[in-house]
Amino acid sequence: MSIRNLDYLFKPRSVALIGASKTPSSVGAVVAHNLFNAGFDGPVMPVNPKHRAIEGVLAYADVASLPEPADLAVIATPPETVPGLVADLAAQGTRAVIIITAGFNNHTEDGDEGTSLRQQVLDAARPHTLRVVGPNCLGIMVPGTGLNAGFAHISPTPGHLAFVAQSGAIVTSVLDWAAARSIGFSHMVSLGDMSDVDFGDMLDYLAQDPQVRGILLYIEAITHARKFMSAARAASRVKPVIVVKAGRSAAGAEAAASHTGALAGMDGVYDAAFRRAGMLRVPDLGGLFGAVETLGMGRTPRGDRLAILSNGGGVGVMATDSLVDYGGRLAELRPETIEALDKVLPPTWSGANPVDIIGDAPGERYAKALEILLKEPDADAVLVLNCPIAVASGAEAAQAVIQTVGRRKACVLTSWLGEQAPREARRMFAANNIPTFFTPERAVRAFMDMVNYRRNQEALMQTPPSIPEEFEPDTEAARTVLTEALSEGRDWLTEPEAKQVLSAYGVPVVPTLIAEDPSAAGKAAAKQTGPVALKILSQDITHKSDVGGVVLDLRTPSAVRDAAEAMLDRVHKRKPDAKVDGFTVQPMIDRPDAFELIIGIVVDRLFGPVILFGHGGTAVEILDDTALALPPLNLNLARELISRTRVFDLLKGFRGRPPVALEDIALTLIKVSQLVIDFAEIAELDINPLLADEFGVTALDARIRVQKPTGSPADRLAIRPYPRDLEETIALPNGRELLLRPVRPEDEPAFVEMFSHMSPEDIRMRFFAPKKEMSHALAARLTQIDYDREMALVLAEPGPAGKSDVYGGVRIAADPDGEKAEYAISVRSDMAGQGLGPLLMRRIIDYSRKRGIKEIVGDVLRENKPMLKICELFKFTQKANSDDPSVIEVRLSL
């Protein structure tokens, strides 16, 4: 349901508390106290038949007795009473409830077979679009409006950070920690069991709130993966989103048959999802607090190079070790910087980074050294450390740092070590919005969190290059193989069948012959011109090497025959229940410099298909060098996936060994990504090993597990893929043919080129202001869209995106509820007069109807007569904007 009616939750005009109490320390009493004493400017109506007044306010016997419908109701009564209360409140006109009550998992209406109380609540709420937070939650707090509808021990101070968690205990812990550091919040939300309002809803709502500058999440689990991903990607584009995911252990994950299934642990999939959404993941609450302190204070480093300033050599070394461990780099000081430091520091200073200014350093020495380091162009940030000593004041040093930083936007972090001595310094830093940490390691981790956040944001805006080769898969060939296996009731394709599927998608494979028995294997080997590899062929054997089912480098037909007979004996002893279908015979691939890699697919229960890449071979689990990503992939995403493995450094070449064809590996990842997008029949896939060297890639072995599809292939993906079905050839009046298709991220250069062919007047009509050029940020925003919530159709020359000119486009951006969508149209000025505007409008209206959008809206300048004429043609209503008469609001009900 997303953000519908959430304003009643966070901006209510009135609140009813069902279960208000006078019993000391009871939930009903604490919630009542918080509601009445946080400064809420509206009526709070307590409901309890046993009391005449609560907190000095008249109490009501029941919901029916309330003098007016409450916008928001808070329920703290026994579980069995809640469904009826929700039904009564919804009928009265209440549009949001917070259910504090726990214990819903233990109750049904008619014993174990009855409808759960949770479902009864939802059944009562949905006909009225009443929103539900909880059950089993702490409540919500909105300090800016004085709303404290929960039972936390203290109220947060107003601020610009929103914190959302399932656990109430986590909310109160963060609240207590933040109070000691004077960190304020715009919203604090405990979602509890998330029967209705979930993390996706909260991300959508908070992303649109201008008072929220950063969103912090503590996640135990999510619901509705695609909604979450769409909301997270949208929110991450406009403000920092930082997440802690609890339950990182892989214990309890189901064992999977293939290497990919065993390696793709559940936490790794969450990690891939957060990264793809542009969110910053931190490992624990300590990291979350550090991220609050750094990102919340608004100073982001330019890169990963850190200068360290310290009055002790040992702590500087500790900070350096932590920096290297987290993947950062020490800044290399220029000779000019060292010369400047020589003039203000004792002769015994370290002479390099870390800059050890000696233990007796007073505040003045800190100030002079920091002033110089802030001018060092190679330093993206400065970490200032202080160890307590008797001959110099830590508070004086802190004051010197504060004064030196002043109003600069430089990224400066601090760590004053100790417990009692640095308390005043830490207070001073907090008061002046300079991040401070108890240990150097925490400070370095916070620095790298900021670096990774910046990288994630840049990745969101990065323009992928056009795919360097035309990629047209033979989907029918792949479908034939998959359908035949399913019709035979099989779960696994044979190795030759798996290679047929991969070959249909352009993945180079080793030619493979099938032999029914040892004699046939020898004859198959005679057809080869060199040494061969012999493998067992059985649907019951997943890992052939584990049962002695692989023999390499066989040079004669007789050797192959003998090896096959011996292989049968080994397999029968080690896996007696396996049905052996025969053998495969393949030519040996002599590529001595090739690396063995793995590419795989596994279907996660929540996020759907996930792509795995890493260091492969028989020792793949022991090497433990893999990374995960969500499809669909483009070249940038494929390259980034490769770069997150340790083997990547080897693939780039070393000690005379040439670099491998990294583009071929990336293209193979894209092809496998497209394969799983096209076929819901694929439940699991392994290419292991994928040989890779300077000449390209070859799949030596492959496994594919199949399943009967339960829906369309796109339905199971967490990110909606490119909707190829919307492609259409358009014939212009002059006979010229163009391709109408959804926009792709690779189209950014074509958008910039289209902009250059628009007249200044057309640009002003489209963007409501003059623009001399299209910025990268704007072009990226227009081309990198979420196909689940937006659509942009472009008229382009036939050919691959990124290499074809774009002449016009139309887009809609739907609200998170999918109810209403705003449109915009652009056409190159030299293409005007050919009917492109009406054509684009007609197609986007047709698309909107199919998607279930109920209304298309837009703002048009009054002087934009051609666009207003198109709107009139399609029966849009037109009305002058009440705030700006030069703008006409147009609306089309669908």
# chains A, B, ... in the order shown; residues from 1 in each chain; ligands from 1
$ residues_around --residues "Cys137 of chain A" --least-positions-apart "4" --cutoff "10 Å" --atoms "only C-alpha atoms" --output "PyMOL selection string"
chain A and resi 98-102+133+150-151+165-169+189-194
$ select_by_dssp --residues "segment 127-266 of chain A" --states "helix (DSSP H, G or I)" --output "PDB file with N, CA, C and O atoms, in the first residue's frame"
ATOM      1  N   PRO A 127     -10.455  -2.416   3.976  1.00  0.00           N
ATOM      2  CA  PRO A 127     -11.570  -1.764   3.259  1.00  0.00           C
ATOM      3  C   PRO A 127     -11.599  -0.248   3.441  1.00  0.00           C
ATOM      4  O   PRO A 127     -12.171   0.464   2.616  1.00  0.00           O
ATOM      5  N   HIS A 128     -10.979   0.240   4.505  1.00  0.00           N
ATOM      6  CA  HIS A 128     -10.983   1.684   4.800  1.00  0.00           C
ATOM      7  C   HIS A 128      -9.609   2.316   4.544  1.00  0.00           C
ATOM      8  O   HIS A 128      -9.407   3.480   4.905  1.00  0.00           O
ATOM      9  N   PRO A 143       9.456  14.301  16.908  1.00  0.00           N
ATOM     10  CA  PRO A 143       9.731  15.403  17.831  1.00  0.00           C
ATOM     11  C   PRO A 143       9.350  16.777  17.300  1.00  0.00           C
ATOM     12  O   PRO A 143       8.944  17.650  18.075  1.00  0.00           O
ATOM     13  N   GLY A 144       9.445  16.970  15.984  1.00  0.00           N
ATOM     14  CA  GLY A 144       9.139  18.290  15.435  1.00  0.00           C
ATOM     15  C   GLY A 144       7.708  18.713  15.646  1.00  0.00           C
ATOM     16  O   GLY A 144       7.408  19.911  15.687  1.00  0.00           O
ATOM     17  N   THR A 145       6.786  17.763  15.787  1.00  0.00           N
ATOM     18  CA  THR A 145       5.377  18.087  16.022  1.00  0.00           C
ATOM     19  C   THR A 145       4.939  17.760  17.438  1.00  0.00           C
ATOM     20  O   THR A 145       3.746  17.866  17.759  1.00  0.00           O
ATOM     21  N   GLY A 168      11.800  -2.527  19.264  1.00  0.00           N
ATOM     22  CA  GLY A 168      11.645  -1.385  20.162  1.00  0.00           C
ATOM     23  C   GLY A 168      12.855  -1.191  21.048  1.00  0.00           C
ATOM     24  O   GLY A 168      13.227  -0.056  21.371  1.00  0.00           O
ATOM     25  N   ALA A 169      13.501  -2.287  21.457  1.00  0.00           N
ATOM     26  CA  ALA A 169      14.683  -2.189  22.312  1.00  0.00           C
ATOM     27  C   ALA A 169      15.811  -1.447  21.605  1.00  0.00           C
ATOM     28  O   ALA A 169      16.550  -0.670  22.226  1.00  0.00           O
ATOM     29  N   ILE A 170      15.953  -1.686  20.315  1.00  0.00           N
ATOM     30  CA  ILE A 170      16.980  -0.979  19.548  1.00  0.00           C
ATOM     31  C   ILE A 170      16.652   0.506  19.483  1.00  0.00           C
ATOM     32  O   ILE A 170      17.543   1.365  19.605  1.00  0.00           O
ATOM     33  N   VAL A 171      15.381   0.833  19.293  1.00  0.00           N
ATOM     34  CA  VAL A 171      14.984   2.245  19.226  1.00  0.00           C
ATOM     35  C   VAL A 171      15.332   2.956  20.523  1.00  0.00           C
ATOM     36  O   VAL A 171      15.903   4.058  20.512  1.00  0.00           O
ATOM     37  N   THR A 172      15.005   2.355  21.666  1.00  0.00           N
ATOM     38  CA  THR A 172      15.294   3.026  22.936  1.00  0.00           C
ATOM     39  C   THR A 172      16.802   3.121  23.182  1.00  0.00           C
ATOM     40  O   THR A 172      17.278   4.103  23.752  1.00  0.00           O
ATOM     41  N   SER A 173      17.566   2.127  22.732  1.00  0.00           N
ATOM     42  CA  SER A 173      19.024   2.174  22.900  1.00  0.00           C
ATOM     43  C   SER A 173      19.622   3.309  22.096  1.00  0.00           C
ATOM     44  O   SER A 173      20.479   4.068  22.579  1.00  0.00           O
ATOM     45  N   VAL A 174      19.188   3.441  20.848  1.00  0.00           N
ATOM     46  CA  VAL A 174      19.683   4.526  19.999  1.00  0.00           C
ATOM     47  C   VAL A 174      19.245   5.867  20.566  1.00  0.00           C
ATOM     48  O   VAL A 174      20.015   6.842  20.592  1.00  0.00           O
ATOM     49  N   LEU A 175      18.034   5.922  21.052  1.00  0.00           N
ATOM     50  CA  LEU A 175      17.508   7.161  21.636  1.00  0.00           C
ATOM     51  C   LEU A 175      18.354   7.594  22.827  1.00  0.00           C
ATOM     52  O   LEU A 175      18.722   8.781  22.962  1.00  0.00           O
ATOM     53  N   ASP A 176      18.691   6.660  23.698  1.00  0.00           N
ATOM     54  CA  ASP A 176      19.489   6.975  24.875  1.00  0.00           C
ATOM     55  C   ASP A 176      20.890   7.433  24.480  1.00  0.00           C
ATOM     56  O   ASP A 176      21.419   8.407  25.030  1.00  0.00           O
ATOM     57  N   TRP A 177      21.490   6.725  23.500  1.00  0.00           N
ATOM     58  CA  TRP A 177      22.829   7.083  23.036  1.00  0.00           C
ATOM     59  C   TRP A 177      22.836   8.472  22.416  1.00  0.00           C
ATOM     60  O   TRP A 177      23.728   9.282  22.670  1.00  0.00           O
ATOM     61  N   ALA A 178      21.830   8.762  21.592  1.00  0.00           N
ATOM     62  CA  ALA A 178      21.785  10.045  20.895  1.00  0.00           C
ATOM     63  C   ALA A 178      21.567  11.203  21.857  1.00  0.00           C
ATOM     64  O   ALA A 178      22.108  12.297  21.659  1.00  0.00           O
ATOM     65  N   ALA A 179      20.778  10.979  22.916  1.00  0.00           N
ATOM     66  CA  ALA A 179      20.499  12.050  23.871  1.00  0.00           C
ATOM     67  C   ALA A 179      21.780  12.541  24.529  1.00  0.00           C
ATOM     68  O   ALA A 179      21.964  13.750  24.756  1.00  0.00           O
ATOM     69  N   ALA A 180      22.707  11.604  24.815  1.00  0.00           N
ATOM     70  CA  ALA A 180      23.961  11.982  25.462  1.00  0.00           C
ATOM     71  C   ALA A 180      24.861  12.779  24.527  1.00  0.00           C
ATOM     72  O   ALA A 180      25.797  13.446  24.983  1.00  0.00           O
ATOM     73  N   PHE A 199       9.441  -1.461   5.831  1.00  0.00           N
ATOM     74  CA  PHE A 199      10.582  -0.607   5.517  1.00  0.00           C
ATOM     75  C   PHE A 199      10.420   0.089   4.169  1.00  0.00           C
ATOM     76  O   PHE A 199      10.841   1.241   3.995  1.00  0.00           O
ATOM     77  N   GLY A 200       9.821  -0.598   3.186  1.00  0.00           N
ATOM     78  CA  GLY A 200       9.600   0.041   1.896  1.00  0.00           C
ATOM     79  C   GLY A 200       8.699   1.254   2.015  1.00  0.00           C
ATOM     80  O   GLY A 200       8.977   2.314   1.433  1.00  0.00           O
ATOM     81  N   ASP A 201       7.618   1.131   2.769  1.00  0.00           N
ATOM     82  CA  ASP A 201       6.721   2.264   2.989  1.00  0.00           C
ATOM     83  C   ASP A 201       7.449   3.424   3.660  1.00  0.00           C
ATOM     84  O   ASP A 201       7.289   4.594   3.276  1.00  0.00           O
ATOM     85  N   MET A 202       8.238   3.098   4.681  1.00  0.00           N
ATOM     86  CA  MET A 202       8.931   4.155   5.419  1.00  0.00           C
ATOM     87  C   MET A 202       9.960   4.866   4.539  1.00  0.00           C
ATOM     88  O   MET A 202      10.109   6.084   4.606  1.00  0.00           O
ATOM     89  N   LEU A 203      10.681   4.116   3.723  1.00  0.00           N
ATOM     90  CA  LEU A 203      11.655   4.746   2.823  1.00  0.00           C
ATOM     91  C   LEU A 203      10.952   5.689   1.848  1.00  0.00           C
ATOM     92  O   LEU A 203      11.419   6.810   1.599  1.00  0.00           O
ATOM     93  N   ASP A 204       9.841   5.250   1.289  1.00  0.00           N
ATOM     94  CA  ASP A 204       9.096   6.118   0.374  1.00  0.00           C
ATOM     95  C   ASP A 204       8.623   7.391   1.073  1.00  0.00           C
ATOM     96  O   ASP A 204       8.726   8.497   0.527  1.00  0.00           O
ATOM     97  N   TYR A 205       8.115   7.243   2.277  1.00  0.00           N
ATOM     98  CA  TYR A 205       7.570   8.399   2.985  1.00  0.00           C
ATOM     99  C   TYR A 205       8.680   9.368   3.392  1.00  0.00           C
ATOM    100  O   TYR A 205       8.582  10.581   3.178  1.00  0.00           O
ATOM    101  N   LEU A 206       9.735   8.833   3.974  1.00  0.00           N
ATOM    102  CA  LEU A 206      10.802   9.693   4.490  1.00  0.00           C
ATOM    103  C   LEU A 206      11.602  10.340   3.363  1.00  0.00           C
ATOM    104  O   LEU A 206      12.136  11.440   3.533  1.00  0.00           O
ATOM    105  N   ALA A 207      11.694   9.684   2.222  1.00  0.00           N
ATOM    106  CA  ALA A 207      12.424  10.271   1.093  1.00  0.00           C
ATOM    107  C   ALA A 207      11.761  11.552   0.626  1.00  0.00           C
ATOM    108  O   ALA A 207      12.435  12.466   0.131  1.00  0.00           O
ATOM    109  N   ALA A 225      10.321  -7.703  -1.638  1.00  0.00           N
ATOM    110  CA  ALA A 225      11.660  -7.298  -2.060  1.00  0.00           C
ATOM    111  C   ALA A 225      11.625  -6.216  -3.134  1.00  0.00           C
ATOM    112  O   ALA A 225      12.400  -5.252  -3.079  1.00  0.00           O
ATOM    113  N   ARG A 226      10.761  -6.363  -4.129  1.00  0.00           N
ATOM    114  CA  ARG A 226      10.774  -5.367  -5.213  1.00  0.00           C
ATOM    115  C   ARG A 226      10.334  -4.003  -4.704  1.00  0.00           C
ATOM    116  O   ARG A 226      10.919  -2.976  -5.074  1.00  0.00           O
ATOM    117  N   LYS A 227       9.317  -3.970  -3.852  1.00  0.00           N
ATOM    118  CA  LYS A 227       8.901  -2.683  -3.285  1.00  0.00           C
ATOM    119  C   LYS A 227      10.032  -2.073  -2.475  1.00  0.00           C
ATOM    120  O   LYS A 227      10.310  -0.866  -2.567  1.00  0.00           O
ATOM    121  N   PHE A 228      10.704  -2.900  -1.683  1.00  0.00           N
ATOM    122  CA  PHE A 228      11.821  -2.401  -0.878  1.00  0.00           C
ATOM    123  C   PHE A 228      12.924  -1.851  -1.778  1.00  0.00           C
ATOM    124  O   PHE A 228      13.456  -0.767  -1.525  1.00  0.00           O
ATOM    125  N   MET A 229      13.302  -2.585  -2.822  1.00  0.00           N
ATOM    126  CA  MET A 229      14.381  -2.136  -3.696  1.00  0.00           C
ATOM    127  C   MET A 229      14.014  -0.837  -4.410  1.00  0.00           C
ATOM    128  O   MET A 229      14.839   0.075  -4.527  1.00  0.00           O
ATOM    129  N   SER A 230      12.785  -0.737  -4.892  1.00  0.00           N
ATOM    130  CA  SER A 230      12.364   0.498  -5.563  1.00  0.00           C
ATOM    131  C   SER A 230      12.406   1.679  -4.602  1.00  0.00           C
ATOM    132  O   SER A 230      12.903   2.764  -4.943  1.00  0.00           O
ATOM    133  N   ALA A 231      11.905   1.462  -3.397  1.00  0.00           N
ATOM    134  CA  ALA A 231      11.891   2.545  -2.412  1.00  0.00           C
ATOM    135  C   ALA A 231      13.306   2.917  -1.994  1.00  0.00           C
ATOM    136  O   ALA A 231      13.632   4.102  -1.856  1.00  0.00           O
ATOM    137  N   ALA A 232      14.151   1.917  -1.781  1.00  0.00           N
ATOM    138  CA  ALA A 232      15.525   2.180  -1.340  1.00  0.00           C
ATOM    139  C   ALA A 232      16.316   2.904  -2.416  1.00  0.00           C
ATOM    140  O   ALA A 232      17.076   3.842  -2.119  1.00  0.00           O
ATOM    141  N   ARG A 233      16.166   2.498  -3.673  1.00  0.00           N
ATOM    142  CA  ARG A 233      16.890   3.167  -4.756  1.00  0.00           C
ATOM    143  C   ARG A 233      16.424   4.614  -4.904  1.00  0.00           C
ATOM    144  O   ARG A 233      17.233   5.515  -5.140  1.00  0.00           O
ATOM    145  N   ALA A 234      15.122   4.844  -4.759  1.00  0.00           N
ATOM    146  CA  ALA A 234      14.605   6.206  -4.869  1.00  0.00           C
ATOM    147  C   ALA A 234      15.095   7.072  -3.713  1.00  0.00           C
ATOM    148  O   ALA A 234      15.515   8.221  -3.911  1.00  0.00           O
ATOM    149  N   ALA A 235      15.061   6.533  -2.493  1.00  0.00           N
ATOM    150  CA  ALA A 235      15.487   7.307  -1.331  1.00  0.00           C
ATOM    151  C   ALA A 235      16.984   7.595  -1.375  1.00  0.00           C
ATOM    152  O   ALA A 235      17.422   8.706  -1.040  1.00  0.00           O
ATOM    153  N   SER A 236      17.770   6.614  -1.789  1.00  0.00           N
ATOM    154  CA  SER A 236      19.234   6.782  -1.794  1.00  0.00           C
ATOM    155  C   SER A 236      19.693   7.842  -2.776  1.00  0.00           C
ATOM    156  O   SER A 236      20.800   8.372  -2.645  1.00  0.00           O
ATOM    157  N   HIS A 259      27.577 -25.514  -6.138  1.00  0.00           N
ATOM    158  CA  HIS A 259      28.535 -24.616  -5.503  1.00  0.00           C
ATOM    159  C   HIS A 259      27.895 -23.255  -5.252  1.00  0.00           C
ATOM    160  O   HIS A 259      28.041 -22.652  -4.191  1.00  0.00           O
ATOM    161  N   THR A 260      27.175 -22.748  -6.257  1.00  0.00           N
ATOM    162  CA  THR A 260      26.583 -21.416  -6.138  1.00  0.00           C
ATOM    163  C   THR A 260      25.631 -21.349  -4.957  1.00  0.00           C
ATOM    164  O   THR A 260      25.655 -20.407  -4.159  1.00  0.00           O
ATOM    165  N   GLY A 261      24.765 -22.367  -4.823  1.00  0.00           N
ATOM    166  CA  GLY A 261      23.811 -22.363  -3.718  1.00  0.00           C
ATOM    167  C   GLY A 261      24.491 -22.387  -2.377  1.00  0.00           C
ATOM    168  O   GLY A 261      24.063 -21.739  -1.426  1.00  0.00           O
ATOM    169  N   ALA A 262      25.594 -23.133  -2.264  1.00  0.00           N
ATOM    170  CA  ALA A 262      26.309 -23.215  -0.994  1.00  0.00           C
ATOM    171  C   ALA A 262      27.021 -21.915  -0.668  1.00  0.00           C
ATOM    172  O   ALA A 262      27.186 -21.554   0.492  1.00  0.00           O
ATOM    173  N   LEU A 263      27.454 -21.186  -1.701  1.00  0.00           N
ATOM    174  CA  LEU A 263      28.251 -19.979  -1.477  1.00  0.00           C
ATOM    175  C   LEU A 263      27.396 -18.736  -1.286  1.00  0.00           C
ATOM    176  O   LEU A 263      27.830 -17.769  -0.676  1.00  0.00           O
ATOM    177  N   MET A 266      22.485 -16.148   2.784  1.00  0.00           N
ATOM    178  CA  MET A 266      21.407 -15.174   2.827  1.00  0.00           C
ATOM    179  C   MET A 266      21.908 -13.759   3.105  1.00  0.00           C
ATOM    180  O   MET A 266      21.461 -12.794   2.510  1.00  0.00           O
TER     181      MET A 266
END
$ residues_around --residues "Lys375 of chain A" --least-positions-apart "3" --cutoff "12 Å" --atoms "only C-alpha atoms" --output "list in words"
Ala307, Leu333, Arg334, Glu336, Thr337, Ile338, Ala340, Leu341, Lys368, Ala369, Leu370, Glu371, Ile372, Asp378, Ala379, Asp380, Ala381, Val382, Thr404, Val405, Arg408, Ala410 and Cys411 of chain A
$ residues_around --residues "segment 796-808 of chain A" --least-positions-apart "4" --cutoff "6 Å" --atoms "only C-alpha atoms" --output "PyMOL selection string"
chain A and resi 466+738-739+746-747+750+826-828
$ select_by_dssp --residues "segment 216-391 of chain A" --states "strand (DSSP E or B)" --output "PyMOL selection string"
chain A and resi 216-219+241-245+280-282+305-310+329-330+355-356+381-386
$ closest_residue --among "A:Ala367, A:Val74, A:Ala533, A:Ile308" --to "Val44 of chain A" --atoms "only C-alpha atoms"
A:Val74
$ atom_distance --atom1 "atom CA of Phe874 of chain A" --atom2 "atom CA of Ser886 of chain A"
21.6 Å
$ residues_around --residues "Ala683 of chain A" --least-positions-apart "6" --cutoff "8 Å" --atoms "only C-alpha atoms" --output "JSON, numbers by chain"
{"A": [601, 602, 603, 609, 704, 705, 706, 707]}
$ residues_around --residues "segment 775-779 of chain A" --least-positions-apart "5" --cutoff "7 Å" --atoms "only C-alpha atoms" --output "ChimeraX atom specification"
/A:461,748,751-752
$ residues_around --residues "segment 79-82 of chain A" --least-positions-apart "6" --cutoff "8 Å" --atoms "only C-alpha atoms" --output "list in words"
Thr101, Ala102, Gly103, Phe104, His107, Leu117 and Val121 of chain A
$ write_last_selection --atoms "all heavy atoms" --output "PDB file, in the first residue's frame"
ATOM      1  N   THR A 101       0.411  -3.673  21.362  1.00  0.00           N
ATOM      2  CA  THR A 101       0.186  -5.000  21.929  1.00  0.00           C
ATOM      3  C   THR A 101       1.057  -6.061  21.280  1.00  0.00           C
ATOM      4  O   THR A 101       1.198  -6.118  20.057  1.00  0.00           O
ATOM      5  CB  THR A 101      -1.289  -5.393  21.730  1.00  0.00           C
ATOM      6  OG1 THR A 101      -2.105  -4.315  22.195  1.00  0.00           O
ATOM      7  CG2 THR A 101      -1.614  -6.668  22.489  1.00  0.00           C
ATOM      8  N   ALA A 102       1.633  -6.943  22.109  1.00  0.00           N
ATOM      9  CA  ALA A 102       2.390  -8.098  21.625  1.00  0.00           C
ATOM     10  C   ALA A 102       1.548  -9.357  21.809  1.00  0.00           C
ATOM     11  O   ALA A 102       0.412  -9.310  22.287  1.00  0.00           O
ATOM     12  CB  ALA A 102       3.713  -8.219  22.384  1.00  0.00           C
ATOM     13  N   GLY A 103       2.114 -10.507  21.424  1.00  0.00           N
ATOM     14  CA  GLY A 103       1.452 -11.781  21.643  1.00  0.00           C
ATOM     15  C   GLY A 103       0.535 -12.226  20.537  1.00  0.00           C
ATOM     16  O   GLY A 103      -0.224 -13.190  20.700  1.00  0.00           O
ATOM     17  N   PHE A 104       0.583 -11.585  19.376  1.00  0.00           N
ATOM     18  CA  PHE A 104      -0.326 -11.956  18.290  1.00  0.00           C
ATOM     19  C   PHE A 104      -0.014 -13.331  17.710  1.00  0.00           C
ATOM     20  O   PHE A 104      -0.884 -14.006  17.188  1.00  0.00           O
ATOM     21  CB  PHE A 104      -0.259 -10.903  17.177  1.00  0.00           C
ATOM     22  CG  PHE A 104      -1.211  -9.763  17.390  1.00  0.00           C
ATOM     23  CD1 PHE A 104      -1.126  -8.960  18.518  1.00  0.00           C
ATOM     24  CD2 PHE A 104      -2.204  -9.486  16.476  1.00  0.00           C
ATOM     25  CE1 PHE A 104      -1.992  -7.916  18.734  1.00  0.00           C
ATOM     26  CE2 PHE A 104      -3.088  -8.443  16.673  1.00  0.00           C
ATOM     27  CZ  PHE A 104      -2.987  -7.652  17.805  1.00  0.00           C
ATOM     28  N   HIS A 107      -2.157 -16.342  19.040  1.00  0.00           N
ATOM     29  CA  HIS A 107      -3.623 -16.289  19.089  1.00  0.00           C
ATOM     30  C   HIS A 107      -4.226 -16.502  17.706  1.00  0.00           C
ATOM     31  O   HIS A 107      -3.775 -15.932  16.720  1.00  0.00           O
ATOM     32  CB  HIS A 107      -4.106 -14.921  19.612  1.00  0.00           C
ATOM     33  CG  HIS A 107      -3.876 -14.735  21.080  1.00  0.00           C
ATOM     34  ND1 HIS A 107      -2.640 -14.429  21.598  1.00  0.00           N
ATOM     35  CD2 HIS A 107      -4.730 -14.828  22.140  1.00  0.00           C
ATOM     36  CE1 HIS A 107      -2.748 -14.323  22.931  1.00  0.00           C
ATOM     37  NE2 HIS A 107      -3.984 -14.558  23.272  1.00  0.00           N
ATOM     38  N   LEU A 117      -5.171 -13.526  14.469  1.00  0.00           N
ATOM     39  CA  LEU A 117      -5.589 -12.183  14.876  1.00  0.00           C
ATOM     40  C   LEU A 117      -4.974 -11.127  13.967  1.00  0.00           C
ATOM     41  O   LEU A 117      -5.612 -10.114  13.671  1.00  0.00           O
ATOM     42  CB  LEU A 117      -5.160 -11.937  16.326  1.00  0.00           C
ATOM     43  CG  LEU A 117      -5.941 -12.668  17.420  1.00  0.00           C
ATOM     44  CD1 LEU A 117      -5.419 -12.277  18.790  1.00  0.00           C
ATOM     45  CD2 LEU A 117      -7.434 -12.364  17.325  1.00  0.00           C
ATOM     46  N   VAL A 121      -7.024  -8.252  11.901  1.00  0.00           N
ATOM     47  CA  VAL A 121      -6.742  -6.805  11.943  1.00  0.00           C
ATOM     48  C   VAL A 121      -6.657  -6.253  10.527  1.00  0.00           C
ATOM     49  O   VAL A 121      -7.251  -5.215  10.200  1.00  0.00           O
ATOM     50  CB  VAL A 121      -5.443  -6.534  12.723  1.00  0.00           C
ATOM     51  CG1 VAL A 121      -4.990  -5.090  12.510  1.00  0.00           C
ATOM     52  CG2 VAL A 121      -5.635  -6.808  14.204  1.00  0.00           C
TER      53      VAL A 121
END
$ atom_distance --atom1 "atom CA of Ser829 of chain A" --atom2 "atom CA of Met765 of chain A"
11.8 Å
$ closest_residue --among "A:Cys871, A:Ile763, A:Ala578, A:Leu726" --to "Arg843 of chain A" --atoms "only C-alpha atoms"
A:Leu726
$ closest_residue --among "A:Ala680, A:Ile642, A:Leu147, A:Val660" --to "Phe695 of chain A" --atoms "only C-alpha atoms"
A:Val660
$ closest_residue --among "A:Lys527, A:Lys573, A:Arg181, A:Arg454" --to "Pro156 of chain A" --atoms "only C-alpha atoms"
A:Arg181
$ atom_distance --atom1 "atom CA of Val697 of chain A" --atom2 "atom CA of Val532 of chain A"
18.8 Å
$ decode --residues "segment 91-95 of chain A" --atoms "N, CA, C and O atoms" --output "short mmCIF file (atom, residue, chain, number, x, y, z; two decimals), in the first residue's frame"
data_model
loop_
_atom_site.label_atom_id
_atom_site.label_comp_id
_atom_site.auth_asym_id
_atom_site.auth_seq_id
_atom_site.Cartn_x
_atom_site.Cartn_y
_atom_site.Cartn_z
N ALA A 91 -14.34 2.25 10.93
CA ALA A 91 -15.70 2.66 10.58
C ALA A 91 -15.97 4.10 10.96
O ALA A 91 -16.74 4.81 10.29
N GLN A 92 -15.33 4.56 12.05
CA GLN A 92 -15.51 5.95 12.50
C GLN A 92 -14.77 6.95 11.62
O GLN A 92 -15.10 8.12 11.59
N GLY A 93 -13.72 6.50 10.93
CA GLY A 93 -12.95 7.42 10.10
C GLY A 93 -11.48 7.54 10.46
O GLY A 93 -10.75 8.32 9.85
N THR A 94 -11.03 6.79 11.46
CA THR A 94 -9.59 6.78 11.78
C THR A 94 -8.84 6.15 10.62
O THR A 94 -9.29 5.16 10.04
N ARG A 95 -7.67 6.68 10.27
CA ARG A 95 -6.94 6.20 9.11
C ARG A 95 -5.56 5.65 9.44
O ARG A 95 -4.83 5.23 8.54
#
